[in-house]
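Structure file final03.tsv (TSV, C-alpha atoms) is printed below.
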```
chain	number	residue	atom	x	y	z
S	1	MET	CA	-11.80	29.77	0.06
S	2	SER	CA	-15.51	29.13	0.34
S	3	GLY	CA	-16.64	26.50	2.82
S	4	GLU	CA	-17.40	23.94	0.18
S	5	ARG	CA	-14.23	24.43	-1.80
S	6	PHE	CA	-12.27	24.32	1.40
S	7	SER	CA	-13.70	21.03	2.59
S	8	SER	CA	-13.01	19.47	-0.79
S	9	ALA	CA	-9.42	20.76	-0.64
S	10	LEU	CA	-9.04	19.14	2.76
S	11	GLU	CA	-10.70	15.96	1.53
S	12	ASN	CA	-8.11	15.78	-1.28
S	13	ALA	CA	-5.06	16.93	0.65
S	14	ASP	CA	-2.25	14.49	1.27
S	15	ASP	CA	-1.88	12.53	4.48
S	16	ARG	CA	0.88	14.64	5.94
S	17	ILE	CA	-1.10	17.87	5.78
S	18	VAL	CA	-4.35	16.28	6.95
S	19	ALA	CA	-2.68	14.37	9.81
S	20	GLY	CA	-0.75	17.52	10.79
S	21	ARG	CA	-3.96	19.49	11.19
S	22	ALA	CA	-5.56	16.66	13.13
S	23	ALA	CA	-2.50	16.51	15.39
S	24	ASP	CA	-3.00	20.22	16.03
S	25	GLY	CA	-6.61	19.68	17.04
S	26	ASP	CA	-8.56	20.18	13.82
S	27	ALA	CA	-11.50	17.78	14.13
S	28	ALA	CA	-12.55	18.34	10.51
S	29	ALA	CA	-9.15	17.04	9.39
S	30	PHE	CA	-9.49	14.05	11.68
S	31	ALA	CA	-12.88	13.35	10.09
S	32	VAL	CA	-11.11	13.23	6.72
S	33	LEU	CA	-8.81	10.51	8.06
S	34	VAL	CA	-11.81	8.61	9.42
S	35	ARG	CA	-13.52	8.73	6.01
S	36	ARG	CA	-10.35	7.90	4.15
S	37	TYR	CA	-9.22	4.88	6.15
S	38	THR	CA	-12.28	3.32	7.78
S	39	PRO	CA	-12.86	0.81	4.93
S	40	MET	CA	-9.23	-0.32	4.94
S	41	MET	CA	-9.11	-0.64	8.72
S	42	ARG	CA	-12.39	-2.54	8.78
S	43	ALA	CA	-11.17	-4.92	6.09
S	44	TYR	CA	-7.91	-5.54	7.93
S	45	ALA	CA	-9.63	-6.05	11.30
S	46	ARG	CA	-12.07	-8.43	9.64
S	47	ARG	CA	-9.19	-10.61	8.42
S	48	ILE	CA	-7.86	-10.82	11.97
S	49	LEU	CA	-11.31	-11.29	13.54
S	50	PRO	CA	-13.36	-13.08	10.87
S	51	GLY	CA	-17.06	-13.34	11.54
S	52	SER	CA	-16.76	-11.07	14.52
S	53	ALA	CA	-19.27	-8.42	15.43
S	54	GLU	CA	-16.44	-6.49	17.05
S	55	VAL	CA	-14.83	-5.15	13.90
S	56	ASP	CA	-16.52	-1.75	14.19
S	57	ASP	CA	-15.57	-1.52	17.86
S	58	VAL	CA	-11.95	-2.23	16.97
S	59	VAL	CA	-11.92	0.49	14.33
S	60	GLN	CA	-13.65	2.97	16.61
S	61	ASP	CA	-11.20	2.26	19.45
S	62	THR	CA	-8.37	2.67	17.00
S	63	PHE	CA	-9.50	6.14	16.00
S	64	ILE	CA	-9.95	7.22	19.60
S	65	THR	CA	-6.42	6.06	20.44
S	66	ALA	CA	-5.12	7.64	17.23
S	67	TRP	CA	-6.63	11.01	18.11
S	68	ALA	CA	-4.96	10.93	21.51
S	69	GLN	CA	-1.57	9.85	20.15
S	70	LEU	CA	-1.39	11.76	16.87
S	71	PRO	CA	0.64	14.66	18.32
S	72	GLU	CA	3.44	12.18	19.06
S	73	LEU	CA	3.49	10.67	15.55
S	74	GLU	CA	6.77	11.78	14.05
S	75	ASN	CA	6.26	10.75	10.44
S	76	LEU	CA	2.89	12.21	9.73
S	77	GLU	CA	2.99	10.97	6.14
S	78	ARG	CA	3.00	7.43	7.51
S	79	VAL	CA	-0.34	7.90	9.22
S	80	LYS	CA	-1.93	5.13	7.16
S	81	SER	CA	0.45	2.37	8.23
S	82	TRP	CA	0.37	3.78	11.76
S	83	LEU	CA	-3.42	3.43	11.82
S	84	MET	CA	-3.09	-0.12	10.49
S	85	ARG	CA	-0.70	-0.93	13.33
S	86	ILE	CA	-3.08	0.36	15.98
S	87	THR	CA	-5.91	-1.55	14.30
S	88	SER	CA	-4.07	-4.86	14.52
S	89	ARG	CA	-3.07	-4.21	18.11
S	90	LYS	CA	-6.69	-3.54	19.07
S	91	ALA	CA	-7.91	-6.57	17.11
S	92	VAL	CA	-5.33	-8.82	18.78
S	93	ASP	CA	-6.40	-7.48	22.18
S	94	ARG	CA	-9.94	-8.61	21.39
S	95	LEU	CA	-8.67	-12.05	20.39
S	96	ARG	CA	-6.80	-12.42	23.63
S	97	SER	CA	-9.75	-11.46	25.74
S	98	SER	CA	-12.07	-13.76	23.83
S	99	ARG	CA	-10.13	-16.99	24.16
S	100	PRO	CA	-7.84	-18.75	26.59
S	101	HIS	CA	-4.18	-18.14	26.06
S	102	ALA	CA	-3.10	-21.75	25.59
S	103	ASP	CA	-5.18	-22.11	22.48
S	104	ILE	CA	-2.32	-22.45	20.01
S	105	ASP	CA	-4.08	-24.82	17.73
S	106	LEU	CA	-2.03	-27.78	16.76
S	107	VAL	CA	-4.97	-29.05	14.80
S	108	GLU	CA	-4.57	-29.05	11.07
S	109	PRO	CA	-7.13	-27.20	9.03
S	110	VAL	CA	-9.81	-29.20	7.32
S	111	ALA	CA	-10.80	-28.10	3.86
S	112	SER	CA	-14.48	-28.25	3.38
S	113	PRO	CA	-15.40	-29.63	-0.05
S	114	ALA	CA	-18.13	-27.03	-0.43
S	115	ALA	CA	-15.62	-24.19	-0.14
S	116	THR	CA	-14.60	-24.27	-3.78
S	117	PRO	CA	-14.62	-20.68	-5.00
S	118	PRO	CA	-16.49	-19.81	-8.15
S	119	ARG	CA	-14.38	-19.78	-11.31
S	120	ARG	CA	-14.64	-16.32	-12.68
S	121	ALA	CA	-11.89	-14.23	-14.22
S	122	GLU	CA	-8.58	-15.76	-13.14
S	123	ALA	CA	-7.45	-12.95	-10.86
S	124	LEU	CA	-10.81	-12.70	-9.14
S	125	ALA	CA	-10.93	-16.44	-8.71
S	126	SER	CA	-7.44	-16.43	-7.21
S	127	VAL	CA	-8.38	-13.72	-4.74
S	128	ALA	CA	-11.50	-15.65	-3.82
S	129	ALA	CA	-9.43	-18.81	-3.41
S	130	LEU	CA	-6.96	-17.08	-1.15
S	131	SER	CA	-9.80	-15.60	0.85
S	132	ALA	CA	-11.41	-19.02	1.25
S	133	ALA	CA	-8.12	-20.69	2.20
S	134	LEU	CA	-7.49	-18.05	4.86
S	135	LYS	CA	-10.89	-18.68	6.38
S	136	GLU	CA	-10.07	-22.38	6.68
S	137	LEU	CA	-6.88	-21.74	8.64
S	138	PRO	CA	-6.80	-22.27	12.40
S	139	ASP	CA	-6.88	-18.95	14.24
S	140	ALA	CA	-3.22	-18.72	15.28
S	141	GLN	CA	-1.95	-19.54	11.79
S	142	ARG	CA	-4.32	-17.05	10.23
S	143	GLU	CA	-3.38	-14.31	12.68
S	144	CYS	CA	0.32	-14.77	12.02
S	145	TRP	CA	-0.21	-14.79	8.27
S	146	VAL	CA	-2.45	-11.69	8.30
S	147	LEU	CA	-0.05	-9.69	10.49
S	148	ARG	CA	2.91	-10.69	8.34
S	149	GLU	CA	1.41	-10.31	4.88
S	150	LEU	CA	-1.30	-7.67	5.29
S	151	GLY	CA	0.14	-5.83	8.27
S	152	ASP	CA	3.78	-5.98	7.16
S	153	TYR	CA	4.94	-7.14	10.60
S	154	GLY	CA	8.37	-8.65	11.12
S	155	TYR	CA	8.56	-12.11	12.69
S	156	ASP	CA	9.77	-10.66	15.98
S	157	GLU	CA	6.96	-8.10	15.99
S	158	ILE	CA	4.38	-10.84	15.52
S	159	ALA	CA	5.95	-12.79	18.39
S	160	GLU	CA	5.68	-9.75	20.61
S	161	GLU	CA	2.16	-8.86	19.55
S	162	LEU	CA	0.81	-12.38	19.97
S	163	ASP	CA	2.98	-13.11	23.00
S	164	LEU	CA	4.44	-16.24	21.43
S	165	PRO	CA	8.01	-17.54	21.10
S	166	LEU	CA	9.64	-16.56	17.81
S	167	SER	CA	10.09	-20.22	16.87
S	168	THR	CA	6.36	-20.80	17.30
S	169	VAL	CA	5.59	-17.86	15.04
S	170	ARG	CA	7.92	-19.18	12.37
S	171	GLY	CA	6.33	-22.60	12.61
S	172	LEU	CA	2.78	-21.23	12.43
S	173	LEU	CA	3.66	-19.10	9.43
S	174	ALA	CA	5.30	-22.01	7.64
S	175	ARG	CA	2.22	-24.14	8.17
S	176	ALA	CA	-0.10	-21.36	7.07
S	177	ARG	CA	1.85	-20.84	3.85
S	178	LYS	CA	2.02	-24.54	3.17
S	179	TYR	CA	-1.69	-24.91	3.60
S	180	ILE	CA	-2.52	-21.86	1.47
S	181	ILE	CA	-0.33	-22.72	-1.49
S	182	VAL	CA	-1.43	-26.36	-1.57
S	183	ARG	CA	-5.07	-25.30	-1.31
S	184	MET	CA	-4.67	-22.73	-4.05
S	185	GLU	CA	-2.92	-25.25	-6.25
S	186	GLN	CA	-5.92	-27.54	-5.93
S	187	TRP	CA	-8.14	-24.73	-7.17
S	188	ARG	CA	-5.97	-23.71	-10.10
Q	1	MET	CA	12.04	-23.04	-19.48
Q	2	THR	CA	13.56	-25.06	-22.27
Q	3	GLY	CA	15.57	-28.17	-21.58
Q	4	GLU	CA	13.89	-28.84	-18.28
Q	5	PRO	CA	11.33	-31.45	-19.15
Q	6	ASP	CA	10.65	-32.52	-15.61
Q	7	TYR	CA	9.87	-28.95	-14.54
Q	8	ASP	CA	6.37	-29.06	-15.95
Q	9	LEU	CA	5.71	-32.66	-15.09
Q	10	LYS	CA	6.43	-32.35	-11.41
Q	11	THR	CA	3.57	-31.33	-9.15
Q	12	LEU	CA	3.87	-28.85	-6.35
Q	13	GLY	CA	5.24	-30.33	-3.16
Q	14	VAL	CA	5.81	-28.57	0.15
Q	15	GLU	CA	7.73	-31.15	2.18
Q	16	PRO	CA	11.54	-31.36	2.33
Q	17	GLU	CA	11.59	-34.67	0.46
Q	18	GLU	CA	9.87	-32.92	-2.46
Q	19	LEU	CA	12.08	-29.83	-2.17
Q	20	ASP	CA	15.49	-31.49	-2.42
Q	21	GLY	CA	15.92	-31.21	1.32
Q	22	PHE	CA	14.86	-27.57	1.70
Q	23	THR	CA	11.89	-26.56	3.80
Q	24	LEU	CA	9.19	-24.16	2.71
Q	25	GLU	CA	10.50	-21.85	5.42
Q	26	ASP	CA	13.96	-21.87	3.79
Q	27	LEU	CA	12.36	-20.94	0.50
Q	28	THR	CA	10.32	-18.14	2.06
Q	29	ASP	CA	13.47	-16.70	3.66
Q	30	TYR	CA	15.24	-17.00	0.31
Q	31	LEU	CA	12.42	-15.06	-1.38
Q	32	ASP	CA	12.46	-12.45	1.41
Q	33	GLU	CA	16.11	-11.87	0.60
Q	34	GLY	CA	15.23	-11.28	-3.04
Q	35	ARG	CA	16.76	-14.60	-4.18
Q	36	THR	CA	20.19	-13.08	-3.65
Q	37	PRO	CA	22.85	-14.26	-3.55
Q	38	PRO	CA	21.50	-16.92	-5.91
Q	39	ASN	CA	21.57	-20.35	-4.35
Q	40	PRO	CA	22.25	-22.85	-7.16
Q	41	ALA	CA	21.00	-25.77	-5.07
Q	42	ILE	CA	17.60	-24.05	-4.86
Q	43	GLU	CA	17.54	-22.56	-8.34
Q	44	GLU	CA	18.40	-25.88	-9.97
Q	45	SER	CA	15.83	-27.86	-8.05
Q	46	ALA	CA	12.61	-28.32	-10.00
Q	47	GLY	CA	10.68	-28.90	-6.77
Q	48	CYS	CA	12.01	-25.70	-5.21
Q	49	ARG	CA	11.26	-23.71	-8.34
Q	50	LEU	CA	7.64	-24.84	-8.30
Q	51	ALA	CA	7.28	-23.93	-4.64
Q	52	LEU	CA	9.01	-20.56	-5.18
Q	53	ASP	CA	6.60	-19.82	-8.03
Q	54	ALA	CA	3.66	-20.67	-5.82
Q	55	LEU	CA	4.98	-18.48	-2.99
Q	56	GLU	CA	5.56	-15.61	-5.39
Q	57	ARG	CA	2.09	-15.92	-6.86
Q	58	LEU	CA	0.71	-15.82	-3.33
Q	59	ARG	CA	2.74	-12.75	-2.48
Q	60	ALA	CA	1.57	-10.94	-5.61
Q	61	LEU	CA	-2.01	-11.81	-4.80
Q	62	THR	CA	-1.97	-10.46	-1.26
Q	63	PRO	CA	-2.36	-6.74	-2.12
Q	64	GLU	CA	-5.21	-7.73	-4.44
Q	65	LEU	CA	-6.89	-9.52	-1.58
Q	66	LEU	CA	-6.69	-6.42	0.59
Q	67	ALA	CA	-7.95	-4.24	-2.27
Q	68	ALA	CA	-10.90	-6.60	-2.84
Q	69	ASP	CA	-11.65	-6.64	0.90
Q	70	VAL	CA	-11.60	-2.85	1.06
Q	71	ALA	CA	-13.86	-2.58	-1.98
Q	72	ALA	CA	-16.32	-4.99	-0.34
Q	73	GLU	CA	-16.64	-2.83	2.78
Q	74	PRO	CA	-19.68	-0.56	2.88
Q	75	ALA	CA	-19.14	3.13	2.20
Q	76	THR	CA	-18.33	5.09	5.34
Q	77	ASP	CA	-21.49	6.87	6.29
Q	78	GLU	CA	-21.58	10.26	7.95
Q	79	GLY	CA	-23.23	8.86	11.09
Q	80	TRP	CA	-20.18	6.69	11.68
Q	81	VAL	CA	-17.83	9.65	11.25
Q	82	GLN	CA	-19.87	11.81	13.60
Q	83	GLY	CA	-20.02	8.98	16.14
Q	84	ILE	CA	-16.23	8.85	16.26
Q	85	LEU	CA	-15.90	12.62	16.49
Q	86	ALA	CA	-18.33	12.55	19.41
Q	87	GLY	CA	-16.04	10.13	21.21
Q	88	ILE	CA	-12.83	12.11	21.01
Q	89	ALA	CA	-11.68	14.66	23.51
Q	90	LEU	CA	-11.51	17.89	21.55
Q	91	ASP	CA	-9.98	19.83	24.43
Q	92	ALA	CA	-7.02	17.46	24.47
Q	93	ARG	CA	-5.16	19.81	22.15
Q	94	ALA	CA	-5.29	22.97	24.21
Q	95	GLY	CA	-1.54	22.99	24.81
Q	96	ARG	CA	0.22	25.72	26.71
Q	97	ARG	CA	-1.52	28.76	28.09
Q	98	ILE	CA	-0.31	31.95	26.53
Q	99	PRO	CA	-0.77	35.30	28.33
Q	100	LEU	CA	-2.31	38.03	26.21
Q	101	THR	CA	-1.14	40.92	28.35
Q	102	GLU	CA	1.58	41.92	30.74
Q	103	GLU	CA	1.02	40.28	34.12
Q	104	VAL	CA	-1.14	42.47	36.31
Q	105	PRO	CA	-2.03	41.38	39.84
Q	106	GLY	CA	-5.65	40.30	40.03
Q	107	ARG	CA	-6.04	40.18	36.26
Q	108	ASP	CA	-5.46	37.20	34.11
Q	109	LEU	CA	-6.01	37.07	30.38
Q	110	GLY	CA	-4.73	34.24	28.30
Q	111	ILE	CA	-5.32	32.13	25.23
Q	112	THR	CA	-4.50	28.49	24.58
Q	113	GLU	CA	-1.87	27.34	22.15
Q	114	GLY	CA	-4.57	25.33	20.40
Q	115	ALA	CA	-6.62	28.47	19.81
Q	116	ILE	CA	-3.57	30.20	18.33
Q	117	ARG	CA	-3.01	27.27	15.98
Q	118	GLY	CA	-6.63	27.66	14.94
Q	119	LEU	CA	-5.97	31.35	14.19
Q	120	ILE	CA	-2.93	30.42	12.12
Q	121	ARG	CA	-4.87	27.81	10.14
Q	122	ALA	CA	-7.68	30.25	9.52
Q	123	ALA	CA	-5.24	32.56	7.70
Q	124	GLU	CA	-5.36	30.12	4.78
Q	125	THR	CA	-8.83	31.38	3.90
Q	126	ALA	CA	-7.15	34.54	2.61
Q	127	VAL	CA	-4.77	32.64	0.32
Q	128	PRO	CA	-6.41	30.60	-2.46
Q	129	GLY	CA	-4.96	27.17	-3.06
Q	130	VAL	CA	-3.15	26.91	0.27
Q	131	LEU	CA	-3.88	24.47	3.09
Q	132	VAL	CA	-2.07	24.74	6.41
Q	133	GLY	CA	-0.80	21.51	7.99
Q	134	ARG	CA	1.02	21.11	11.28
Q	135	CYS	CA	2.21	24.24	13.01
Q	136	PHE	CA	4.45	24.90	15.98
Q	137	ILE	CA	4.99	27.89	18.20
Q	138	ASP	CA	8.65	27.82	19.24
Q	139	GLY	CA	9.64	29.78	22.33
Q	140	GLU	CA	8.75	30.34	25.95
Q	141	VAL	CA	5.25	31.52	25.16
Q	142	GLU	CA	4.08	31.18	28.71
Q	143	GLU	CA	5.92	34.37	29.47
Q	144	PHE	CA	4.50	37.54	27.97
Q	145	GLY	CA	6.61	39.32	25.37
Q	146	VAL	CA	9.25	36.65	24.90
Q	147	PRO	CA	10.25	36.31	21.21
Q	148	VAL	CA	8.63	33.34	19.48
Q	149	ARG	CA	8.89	31.82	16.03
Q	150	ILE	CA	6.04	30.23	14.17
Q	151	ARG	CA	6.83	27.18	12.09
Q	152	LEU	CA	4.28	25.59	9.78
Q	153	GLU	CA	3.83	23.22	6.89
Q	154	ILE	CA	1.52	23.88	4.00
Q	155	GLY	CA	0.16	22.04	1.00
Q	156	VAL	CA	-0.62	23.97	-2.16
Q	157	ALA	CA	-2.87	23.18	-5.09
Q	158	PHE	CA	-1.01	22.61	-8.34
Q	159	GLY	CA	-0.74	25.86	-10.29
Q	160	THR	CA	-0.69	28.06	-7.20
Q	161	PRO	CA	2.13	30.63	-7.45
Q	162	ILE	CA	4.13	29.37	-4.52
Q	163	PRO	CA	6.44	32.27	-3.58
Q	164	ALA	CA	3.67	34.86	-3.79
Q	165	SER	CA	1.23	32.65	-1.88
Q	166	VAL	CA	3.75	31.90	0.85
Q	167	GLU	CA	4.43	35.61	1.24
Q	168	LEU	CA	0.74	36.40	1.35
Q	169	LEU	CA	0.15	33.69	3.94
Q	170	ARG	CA	3.03	34.95	6.07
Q	171	THR	CA	1.66	38.51	5.99
Q	172	GLU	CA	-1.82	37.27	6.82
Q	173	ILE	CA	-0.67	35.14	9.77
Q	174	ALA	CA	1.44	38.00	11.15
Q	175	ALA	CA	-1.50	40.39	10.91
Q	176	ARG	CA	-3.90	37.99	12.59
Q	177	LEU	CA	-1.51	37.23	15.42
Q	178	ARG	CA	-0.84	40.93	15.93
Q	179	THR	CA	-4.57	41.66	16.08
Q	180	HIS	CA	-5.60	38.80	18.33
Q	181	THR	CA	-2.64	37.95	20.54
Q	182	GLY	CA	0.17	39.59	22.41
Q	183	LEU	CA	2.75	37.29	20.87
Q	184	ASN	CA	6.11	38.80	20.02
Q	185	VAL	CA	6.57	37.01	16.68
Q	186	THR	CA	10.10	37.29	15.30
Q	187	GLY	CA	9.64	35.01	12.32
Q	188	ILE	CA	7.26	32.75	10.45
Q	189	ASP	CA	8.86	29.76	8.74
Q	190	ILE	CA	6.77	28.09	6.10
Q	191	SER	CA	7.62	24.77	4.45
Q	192	VAL	CA	5.76	23.59	1.39
Q	193	ARG	CA	5.31	19.88	1.98
Q	194	ASP	CA	2.90	18.95	-0.73
Q	195	VAL	CA	1.83	20.11	-4.14
Q	196	SER	CA	-1.43	18.47	-5.02
Q	197	ALA	CA	-1.83	16.61	-8.29
Q	198	PRO	CA	-2.11	18.75	-11.39
Q	199	ILE	CA	-5.50	19.37	-12.83
Q	200	VAL	CA	-5.08	18.52	-16.50
Q	201	VAL	CA	-6.19	21.39	-18.65
Q	202	ALA	CA	-7.71	20.36	-21.96
Q	203	GLY	CA	-5.41	20.99	-24.90
Q	204	GLY	CA	-2.17	21.72	-23.16
Q	205	GLU	CA	0.39	21.09	-20.47
Q	206	PRO	CA	-0.67	22.24	-17.05
Q	207	ALA	CA	0.85	25.62	-16.43
Q	208	TRP	CA	3.01	26.53	-13.46
Q	209	PRO	CA	2.55	30.25	-13.14
Q	210	GLU	CA	5.55	32.02	-11.73
Q	211	PRO	CA	4.99	35.68	-10.93
Q	212	ALA	CA	7.67	37.93	-12.39
Q	213	GLY	CA	10.13	39.39	-9.94
Q	214	SER	CA	9.07	37.19	-7.04
Q	215	GLU	CA	11.75	36.74	-4.47
Q	216	PRO	CA	13.21	33.34	-3.79
Q	217	THR	CA	11.60	32.08	-0.63
Q	218	ARG	CA	14.50	31.24	1.58
Q	219	GLU	CA	12.16	30.29	4.37
Q	220	ILE	CA	10.96	27.29	2.43
Q	221	HIS	CA	12.97	24.52	4.00
Q	222	SER	CA	11.75	21.74	1.86
Q	223	LEU	CA	9.80	21.64	-1.32
Q	224	ASP	CA	8.49	18.19	-1.92
Q	225	ILE	CA	6.92	18.08	-5.31
Q	226	ASN	CA	5.67	14.60	-5.76
Q	227	PRO	CA	2.24	14.52	-7.32
Q	228	GLU	CA	2.31	10.71	-7.37
Q	229	ASP	CA	2.40	10.59	-3.61
Q	230	ASN	CA	-0.62	12.75	-3.39
Q	231	ARG	CA	-3.93	11.12	-3.05
```
Spell out the structure here as structure tokens.
Amino acid sequence: MSGERFSSALENADDRIVAGRAADGDAAAFAVLVRRYTPMMRAYARRILPGSAEVDDVVQDTFITAWAQLPELENLERVKSWLMRITSRKAVDRLRSSRPHADIDLVEPVASPAATPPRRAEALASVAALSAALKELPDAQRECWVLRELGDYGYDEIAEELDLPLSTVRGLLARARKYIIVRMEQWR
Amino acid sequence: MTGEPDYDLKTLGVEPEELDGFTLEDLTDYLDEGRTPPNPAIEESAGCRLALDALERLRALTPELLAADVAAEPATDEGWVQGILAGIALDARAGRRIPLTEEVPGRDLGITEGAIRGLIRAAETAVPGVLVGRCFIDGEVEEFGVPVRIRLEIGVAFGTPIPASVELLRTEIAARLRTHTGLNVTGIDISVRDVSAPIVVAGGEPAWPEPAGSEPTREIHSLDINPEDNR
């Protein structure tokens, strides 16, 4: 295979093959993973750390950890969800270091009247509405919701990750959902 | 929804008094369980049905949110990729040290496991349409001359004649290892783990060439043909 054809084959290869090469030390294969999943990891980290300048640091740290730990990853075809897991762990670490632990906000979110999303095509408007509602949530509610719904965490995993009692996590999630569906109903 | 006039008239409520005594948490758990077994008290409550609909709409929207977020991220530029590669420890994959010759006092010649994996991967350049994935060297390689087996996974491009290509790759790897290492290779096991998506040829079904008289490849442990899984 010529160099160019080869790199395109690697660029298009499935996760298991690419991650397997990276696990064996092939930096070019690891670069493929970086290109493939950086946007998704950034987007996910941004939902956990909205408005933060640390999103790129989180993603970079994630890749460095991933490179070191890839040889131990048993299901190489699950590299994408594995990377997402490391991303949320790193993002949560940043949260912890940036605010005092006791800050489990009991405050209720306040909807700003100016936050009405533009009415475009229905689906787009709904996505924009959800996005806006999420931004209005207090941090702890948002973090729980993002880990559960975007990160596919179980309740117990969220409790462990955020170092909160399970009952608190359930309560935060219930309040987050309540707020989001009421807010979205208002925008429908 | 015929015969349920109040269904449309009711507005969405999220408190137990609006949900016939259920909490939104109960309804979320009920949805998580796939609404099975059906709970008539929930299913027959107009308030619960409205809230369930809202929760389901939200759930359906979540992947779209992530997709929209991803699309809004800037393209990954090459400087970013190179920055990450600069930060990783490339020597972390050296692995075991493998002697290249019989032990001779005062002389020491060896190669790393990582370098041997590199040699194995490089064999793919001789076999069109094949990409080597993970590979393992099984055996006590730290001792010269001990029998070892090579185990590797490959992906092949759709349309590649698999048995012939696997055979060619095996021959190529054996030759390279013989030339460059002192490894006593007793076998090379190759598993095809991925067949990449077919390239649609204009005016016909994509062909799957099968060379006549090719031997069944008993060394192929698993043959996962799932073009949909392939990105």
Interatomic distance (Å, one decimal) between atom CA of Ile162 of chain Q and atom CA of Pro128 of chain Q: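 Here the two named atoms are 10.8 Å from each other.
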Applying 10 Å and only C-alpha atoms, which residues near Glu140 of chain Q remain after dropping the ones on its own chain fewer than 6 positions away? List them as a PyMOL selection string. chain Q and resi 96+98+146-148
As an exercise, work out the distance from atom CA of Glu124 of chain Q to atom CA of Leu168 of chain Q in Å and give it to one decimal place.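 Distance reported for this atom pair: 9.4 Å.
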Please identify every residue of chain S that has at least one atom no more than 6 Å from any atom of chain Q, counting all atoms listed in the file, and report them as a PyMOL selection string. chain S and resi 1+14+17+20-21+25+39-40+43+64+127+174
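Reported to one decimal place, the separation of atom CA of Glu102 of chain Q from atom CA of Glu172 of chain Q is 24.6 Å.
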Which centre and edge lengths in Å to one decimal define the box along x, y and z that fits every listed atom of segment 185-194 of chain Q plus 6 Å per side, as AutoDock Vina command-line options?
```
--center_x 6.5 --center_y 28.1 --center_z 8.0 --size_x 19.2 --size_y 30.3 --size_z 29.4
```
Skipping near chain neighbours, those fewer than 2 positions away, what residues fall within 12 Å of Leu134 of chain S using all atoms listed in the file, listed as a PyMOL selection string? (chain S and resi 46-50+109-111+115+127-132+136-146+149+175-181+183-184) or (chain Q and resi 58+62+65)
Take the residues from that selection and put them in a file with C-alpha atoms, as a CSV table (one decimal), in the coordinates of the input.
```
chain,number,residue,atom,x,y,z
S,46,ARG,CA,-12.1,-8.4,9.6
S,47,ARG,CA,-9.2,-10.6,8.4
S,48,ILE,CA,-7.9,-10.8,12.0
S,49,LEU,CA,-11.3,-11.3,13.5
S,50,PRO,CA,-13.4,-13.1,10.9
S,109,PRO,CA,-7.1,-27.2,9.0
S,110,VAL,CA,-9.8,-29.2,7.3
S,111,ALA,CA,-10.8,-28.1,3.9
S,115,ALA,CA,-15.6,-24.2,-0.1
S,127,VAL,CA,-8.4,-13.7,-4.7
S,128,ALA,CA,-11.5,-15.6,-3.8
S,129,ALA,CA,-9.4,-18.8,-3.4
S,130,LEU,CA,-7.0,-17.1,-1.2
S,131,SER,CA,-9.8,-15.6,0.8
S,132,ALA,CA,-11.4,-19.0,1.2
S,136,GLU,CA,-10.1,-22.4,6.7
S,137,LEU,CA,-6.9,-21.7,8.6
S,138,PRO,CA,-6.8,-22.3,12.4
S,139,ASP,CA,-6.9,-19.0,14.2
S,140,ALA,CA,-3.2,-18.7,15.3
S,141,GLN,CA,-2.0,-19.5,11.8
S,142,ARG,CA,-4.3,-17.0,10.2
S,143,GLU,CA,-3.4,-14.3,12.7
S,144,CYS,CA,0.3,-14.8,12.0
S,145,TRP,CA,-0.2,-14.8,8.3
S,146,VAL,CA,-2.4,-11.7,8.3
S,149,GLU,CA,1.4,-10.3,4.9
S,175,ARG,CA,2.2,-24.1,8.2
S,176,ALA,CA,-0.1,-21.4,7.1
S,177,ARG,CA,1.8,-20.8,3.8
S,178,LYS,CA,2.0,-24.5,3.2
S,179,TYR,CA,-1.7,-24.9,3.6
S,180,ILE,CA,-2.5,-21.9,1.5
S,181,ILE,CA,-0.3,-22.7,-1.5
S,183,ARG,CA,-5.1,-25.3,-1.3
S,184,MET,CA,-4.7,-22.7,-4.0
Q,58,LEU,CA,0.7,-15.8,-3.3
Q,62,THR,CA,-2.0,-10.5,-1.3
Q,65,LEU,CA,-6.9,-9.5,-1.6
```
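Checking S:Arg188, S:Arg36, S:Arg85, S:Arg94 one by one against Arg148 of chain S, counting all atoms listed in the file, you find the shortest gap at S:Arg85.
Each of S:Ser126, S:Thr62, S:Ser167, S:Asn75 was checked against Ser88 of chain S using only C-alpha atoms; the smallest atom-to-atom distance is that of S:Thr62.
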With all atoms listed in the file as the counted atoms, please give the residues lying no more than 10 Å from Asp163 of chain S, apart from itself and same-chain residues fewer than 5 positions off, as an MDAnalysis selection string. chainID S and resid 96 101 157:158 169
Keeping C-alpha atoms, export the residues of the selection given above as a tab-separated table (two decimals), in the frame of the given file.
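Saved result, again_17.tsv, follows:
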```
chain	number	residue	atom	x	y	z
S	96	ARG	CA	-6.80	-12.42	23.63
S	101	HIS	CA	-4.18	-18.14	26.06
S	157	GLU	CA	6.96	-8.10	15.99
S	158	ILE	CA	4.38	-10.84	15.52
S	169	VAL	CA	5.59	-17.86	15.04
```
Neighbour list for Lys90 of chain S as JSON, numbers by chain, cut-off 6 Å, only C-alpha atoms, skip fewer than 3 positions in-chain: {"S": [58, 87, 93]}
